[in-house]
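Text of input_34.cif, listed as mmCIF, C-alpha atoms:
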data_query
#
loop_
_atom_site.group_PDB
_atom_site.id
_atom_site.type_symbol
_atom_site.label_atom_id
_atom_site.label_comp_id
_atom_site.auth_asym_id
_atom_site.auth_seq_id
_atom_site.Cartn_x
_atom_site.Cartn_y
_atom_site.Cartn_z
ATOM 1 C CA MET A 4 -14.449 165.398 297.851
ATOM 2 C CA THR A 5 -10.732 166.071 297.426
ATOM 3 C CA GLY A 6 -7.400 165.291 299.018
ATOM 4 C CA PHE A 7 -8.093 161.731 300.059
ATOM 5 C CA ARG A 8 -5.742 158.745 299.990
ATOM 6 C CA ILE A 9 -7.591 155.461 299.554
ATOM 7 C CA ALA A 10 -5.926 152.074 299.938
ATOM 8 C CA VAL A 11 -7.076 149.472 297.415
ATOM 9 C CA THR A 12 -6.104 146.295 299.188
ATOM 10 C CA GLY A 13 -6.762 142.575 299.255
ATOM 11 C CA THR A 14 -5.044 139.240 298.925
ATOM 12 C CA PRO A 15 -2.700 138.927 295.912
ATOM 13 C CA GLY A 16 -4.760 138.074 292.827
ATOM 14 C CA VAL A 17 -8.111 139.645 293.787
ATOM 15 C CA GLY A 18 -7.985 142.356 291.093
ATOM 16 C CA LYS A 19 -6.508 145.418 292.802
ATOM 17 C CA THR A 20 -4.400 146.530 289.836
ATOM 18 C CA SER A 21 -7.233 146.018 287.340
ATOM 19 C CA PHE A 22 -9.555 147.993 289.614
ATOM 20 C CA CYS A 23 -7.107 150.900 289.897
ATOM 21 C CA ALA A 24 -6.418 150.897 286.150
ATOM 22 C CA GLN A 25 -10.143 151.177 285.342
ATOM 23 C CA ALA A 26 -11.166 153.640 288.071
ATOM 24 C CA LYS A 27 -11.386 157.332 287.245
ATOM 25 C CA TRP A 28 -8.914 158.494 289.890
ATOM 26 C CA THR A 29 -5.152 158.719 289.855
ATOM 27 C CA ALA A 30 -3.483 155.592 291.177
ATOM 28 C CA THR A 31 -0.075 154.533 292.331
ATOM 29 C CA CYS A 32 1.119 151.348 293.989
ATOM 30 C CA VAL A 33 2.931 150.494 297.179
ATOM 31 C CA LYS A 34 5.928 149.120 295.236
ATOM 32 C CA ILE A 35 6.407 152.418 293.355
ATOM 33 C CA LEU A 36 6.167 154.375 296.606
ATOM 34 C CA ALA A 37 8.646 151.999 298.277
ATOM 35 C CA GLU A 38 11.100 152.306 295.388
ATOM 36 C CA LYS A 39 10.784 156.098 295.385
ATOM 37 C CA HIS A 40 11.566 156.237 299.114
ATOM 38 C CA ASP A 41 14.202 153.443 299.097
ATOM 39 C CA CYS A 42 12.132 151.119 301.295
ATOM 40 C CA ILE A 43 12.545 147.796 299.472
ATOM 41 C CA ASP A 44 14.743 145.101 300.940
ATOM 42 C CA PRO A 45 16.625 142.529 298.840
ATOM 43 C CA ILE A 46 14.636 139.644 297.337
ATOM 44 C CA ASP A 47 14.005 136.981 299.996
ATOM 45 C CA GLU A 48 13.799 133.182 299.854
ATOM 46 C CA ASP A 49 10.168 133.410 298.653
ATOM 47 C CA GLU A 50 11.423 135.412 295.652
ATOM 48 C CA SER A 51 9.509 138.473 296.773
ATOM 49 C CA MET A 52 10.777 141.978 297.449
ATOM 50 C CA PRO A 53 9.965 142.761 301.065
ATOM 51 C CA ILE A 54 8.831 146.328 301.594
ATOM 52 C CA ASP A 55 9.796 148.042 304.827
ATOM 53 C CA ILE A 56 6.333 149.413 305.620
ATOM 54 C CA GLU A 57 7.395 151.106 308.873
ATOM 55 C CA GLN A 58 10.148 153.019 307.098
ATOM 56 C CA LEU A 59 7.813 153.880 304.213
ATOM 57 C CA VAL A 60 5.168 155.229 306.599
ATOM 58 C CA GLU A 61 7.801 157.488 308.166
ATOM 59 C CA LYS A 62 8.941 158.817 304.787
ATOM 60 C CA LEU A 63 5.558 159.390 303.131
ATOM 61 C CA ASN A 64 4.346 162.937 302.879
ATOM 62 C CA TRP A 65 1.036 163.061 301.024
ATOM 63 C CA SER A 66 0.246 166.234 299.155
ATOM 64 C CA GLY A 67 -2.310 167.334 296.620
ATOM 65 C CA ASP A 68 -6.004 167.933 296.497
ATOM 66 C CA ASP A 69 -6.943 164.933 294.377
ATOM 67 C CA ILE A 70 -8.175 161.510 295.308
ATOM 68 C CA LEU A 71 -5.319 159.019 295.088
ATOM 69 C CA LEU A 72 -5.776 155.251 295.019
ATOM 70 C CA ILE A 73 -2.893 153.219 296.439
ATOM 71 C CA ASP A 74 -2.800 149.720 294.944
ATOM 72 C CA GLY A 75 -1.243 146.924 296.971
ATOM 73 C CA HIS A 76 -1.946 144.221 299.495
ATOM 74 C CA LEU A 77 -0.027 146.301 302.060
ATOM 75 C CA SER A 78 -1.630 149.638 301.161
ATOM 76 C CA HIS A 79 -4.031 149.549 304.129
ATOM 77 C CA LEU A 80 -0.983 149.735 306.413
ATOM 78 C CA LEU A 81 -0.056 153.172 305.035
ATOM 79 C CA PRO A 82 -1.444 156.477 306.356
ATOM 80 C CA VAL A 83 -4.643 156.551 304.272
ATOM 81 C CA ASP A 84 -8.091 158.043 304.784
ATOM 82 C CA ALA A 85 -10.178 155.058 303.698
ATOM 83 C CA ILE A 86 -9.899 151.515 302.364
ATOM 84 C CA ILE A 87 -11.407 149.638 299.450
ATOM 85 C CA LEU A 88 -10.977 145.945 300.208
ATOM 86 C CA LEU A 89 -11.363 143.613 297.239
ATOM 87 C CA ARG A 90 -12.300 140.016 297.985
ATOM 88 C CA CYS A 91 -12.296 137.004 295.685
ATOM 89 C CA HIS A 92 -13.898 133.576 296.065
ATOM 90 C CA PRO A 93 -11.126 131.121 297.063
ATOM 91 C CA ASP A 94 -11.750 128.844 294.033
ATOM 92 C CA THR A 95 -11.439 131.770 291.622
ATOM 93 C CA LEU A 96 -8.396 133.055 293.479
ATOM 94 C CA ARG A 97 -6.717 129.641 293.299
ATOM 95 C CA ASN A 98 -7.113 129.610 289.509
ATOM 96 C CA ARG A 99 -5.719 133.135 289.200
ATOM 97 C CA LEU A 100 -2.679 132.314 291.314
ATOM 98 C CA ILE A 101 -2.051 129.071 289.407
ATOM 99 C CA SER A 102 -2.079 131.060 286.149
ATOM 100 C CA ARG A 103 0.544 133.373 287.690
ATOM 101 C CA GLU A 104 2.642 130.278 288.433
ATOM 102 C CA TYR A 105 2.757 130.832 292.183
ATOM 103 C CA SER A 106 4.197 127.950 294.186
ATOM 104 C CA VAL A 107 1.725 125.538 295.773
ATOM 105 C CA GLU A 108 2.805 126.785 299.189
ATOM 106 C CA LYS A 109 2.239 130.450 298.241
ATOM 107 C CA ILE A 110 -1.130 129.635 296.657
ATOM 108 C CA ASN A 111 -2.302 127.815 299.781
ATOM 109 C CA GLU A 112 -1.051 130.610 302.038
ATOM 110 C CA ASN A 113 -2.933 133.258 300.026
ATOM 111 C CA ILE A 114 -6.092 131.133 299.791
ATOM 112 C CA GLU A 115 -6.068 130.654 303.555
ATOM 113 C CA CYS A 116 -5.614 134.405 304.119
ATOM 114 C CA GLU A 117 -8.543 135.148 301.813
ATOM 115 C CA LEU A 118 -10.705 132.401 303.290
ATOM 116 C CA ILE A 119 -10.397 133.628 306.861
ATOM 117 C CA GLY A 120 -10.328 137.342 305.973
ATOM 118 C CA VAL A 121 -6.902 138.281 307.322
ATOM 119 C CA ILE A 122 -6.790 141.642 305.541
ATOM 120 C CA SER A 123 -10.423 142.359 306.422
ATOM 121 C CA ALA A 124 -9.511 141.964 310.099
ATOM 122 C CA GLU A 125 -6.714 144.520 309.631
ATOM 123 C CA CYS A 126 -9.094 147.145 308.176
ATOM 124 C CA GLN A 127 -11.210 147.966 311.213
ATOM 125 C CA GLU A 128 -9.910 151.438 312.052
ATOM 126 C CA LEU A 129 -10.919 153.355 308.905
ATOM 127 C CA PRO A 130 -13.938 153.584 306.635
ATOM 128 C CA CYS A 131 -13.775 150.393 304.578
ATOM 129 C CA LEU A 132 -15.775 149.258 301.569
ATOM 130 C CA GLU A 133 -15.543 145.493 301.046
ATOM 131 C CA LEU A 134 -16.279 144.387 297.465
ATOM 132 C CA ASP A 135 -16.714 140.911 295.965
ATOM 133 C CA SER A 136 -14.812 140.553 292.681
ATOM 134 C CA ASP A 137 -17.477 138.125 291.427
ATOM 135 C CA ASN A 138 -19.703 141.195 290.939
ATOM 136 C CA GLY A 139 -17.407 142.347 288.128
ATOM 137 C CA LEU A 140 -15.020 145.213 287.721
ATOM 138 C CA GLU A 141 -17.549 147.772 286.453
ATOM 139 C CA ALA A 142 -19.965 147.102 289.327
ATOM 140 C CA MET A 143 -17.171 147.320 291.914
ATOM 141 C CA ILE A 144 -15.974 150.635 290.490
ATOM 142 C CA ALA A 145 -19.534 152.009 290.434
ATOM 143 C CA ASP A 146 -20.012 150.984 294.085
ATOM 144 C CA ALA A 147 -16.695 152.613 295.012
ATOM 145 C CA GLU A 148 -17.549 155.830 293.160
ATOM 146 C CA ARG A 149 -20.882 156.126 295.010
ATOM 147 C CA TRP A 150 -19.180 155.365 298.325
ATOM 148 C CA ILE A 151 -16.446 157.967 297.809
ATOM 149 C CA THR A 152 -18.844 160.613 296.478
ATOM 150 C CA ASP A 153 -21.119 160.109 299.490
ATOM 151 C CA GLY A 154 -18.293 160.598 301.978
ATOM 152 C CA PHE A 155 -17.535 156.900 302.600
ATOM 153 C CA LYS A 156 -21.097 156.062 303.647
ATOM 154 C CA PRO A 157 -22.329 152.704 302.348
ATOM 155 C CA HIS A 158 -25.643 152.577 300.459
ATOM 156 C CA ARG A 159 -26.482 149.259 302.048
ATOM 157 C CA PRO A 160 -25.082 147.441 305.058
ATOM 158 C CA ASN A 161 -21.532 146.482 304.178
ATOM 159 C CA GLU A 162 -21.426 143.066 305.789
ATOM 160 C CA PRO A 163 -18.016 141.431 305.656
ATOM 161 C CA ILE A 164 -17.725 138.673 303.099
ATOM 162 C CA ASP A 165 -17.704 135.261 304.777
ATOM 163 C CA TRP A 166 -16.325 132.633 302.399
ATOM 164 C CA ILE A 167 -16.492 129.890 305.011
ATOM 165 C CA ALA A 168 -20.256 130.384 305.469
ATOM 166 C CA GLN A 169 -20.752 130.468 301.705
ATOM 167 C CA ILE A 170 -18.714 127.332 301.095
ATOM 168 C CA HIS A 171 -20.344 125.357 303.910
ATOM 169 C CA GLY A 172 -23.874 126.615 303.266
ATOM 170 C CA ASP A 173 -24.903 129.311 305.710
ATOM 171 C CA ASP A 174 -27.847 127.484 307.318
#
Let me see the file written as structure tokens.
Amino acid sequence: MTGFRIAVTGTPGVGKTSFCAQAKWTATCVKILAEKHDCIDPIDEDESMPIDIEQLVEKLNWSGDDILLIDGHLSHLLPVDAIILLRCHPDTLRNRLISREYSVEKINENIECELIGVISAECQELPCLELDSDNGLEAMIADAERWITDGFKPHRPNEPIDWIAQIHGDD
């Protein structure tokens, strides 16, 4: 399978960059693409660099016959062929974001987004493989390799991860 653009997305802190660094395919990130196409706005009050996704989508012109992973929590909003959605248990995610010294407000916002599956809800239009980071990086990459090799067909039902049911005991 060649010439596919695959978004590797998820809430900040779920392991997107580590996944892309370990996977066997070429990877880039949304920030690099935005910088290349001059689609980054000045740093805002949250101390983040807002990316103008609409402008970036207009400027992107994919080429090449290789598989390209696009790392970033906004990557699923780009013109891609498929999506790998990484998920992370909210308790684990909280610890990761604390270690990155995120503000309490930003941590809570990201935990809430992960808990209710905001990005998962945005990934309904394309083939999407949802992976739990608790399974480990090597297992996630192996699952993704099988999925890509088999033309984005899951080997088992790919039920969305439901943290709320897990936390409250799915009875």
Residues selected by the PyMOL selection byres ((chain A and resi 40) around 12), written as a PyMOL selection string: chain A and resi 33-39+41-44+54-64
Have a look at A:Leu88, A:Ala26, A:Ala142, A:Ile70 and name the one nearest to Gln127 in chain A; count all atoms listed in the file.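 Of A:Leu88, A:Ala26, A:Ala142, A:Ile70, the one nearest Gln127 in chain A, counting all atoms listed in the file, is A:Leu88.
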Could you tell me, as a PyMOL selection string, exactly which residues end up selected when the PyMOL selection byres ((chain A and resi 94-111) around 9) is applied to this structure? chain A and resi 14-17+49+91-93+112-117+137
Would you mind reading off the distance between CA of Ile73 in chain A and CA of Trp150 in chain A, one decimal, in Å?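 Computing the Euclidean distance for CA of Ile73 in chain A and CA of Trp150 in chain A yields 16.5 Å.
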Atom-to-atom span, CA of Thr152 in chain A and CA of Thr29 in chain A, Å: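 Interatomic distance, CA of Thr152 in chain A to CA of Thr29 in chain A: 15.3 Å.
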If you count all atoms listed in the file, the residue of A:Asn138, A:Phe7, A:Asp84, A:Pro53 closest to Asp68 in chain A turns out to be A:Phe7
Around all the atoms of range 84-98 of chain A listed in the file, draw an axis-aligned box and extend it by 6 Å on each of the six sides; I want its centre and edge lengths in Å to one decimal, as AutoDock Vina command-line options.
--center_x -10.3 --center_y 143.4 --center_z 297.1 --size_x 19.2 --size_y 41.2 --size_z 27.3
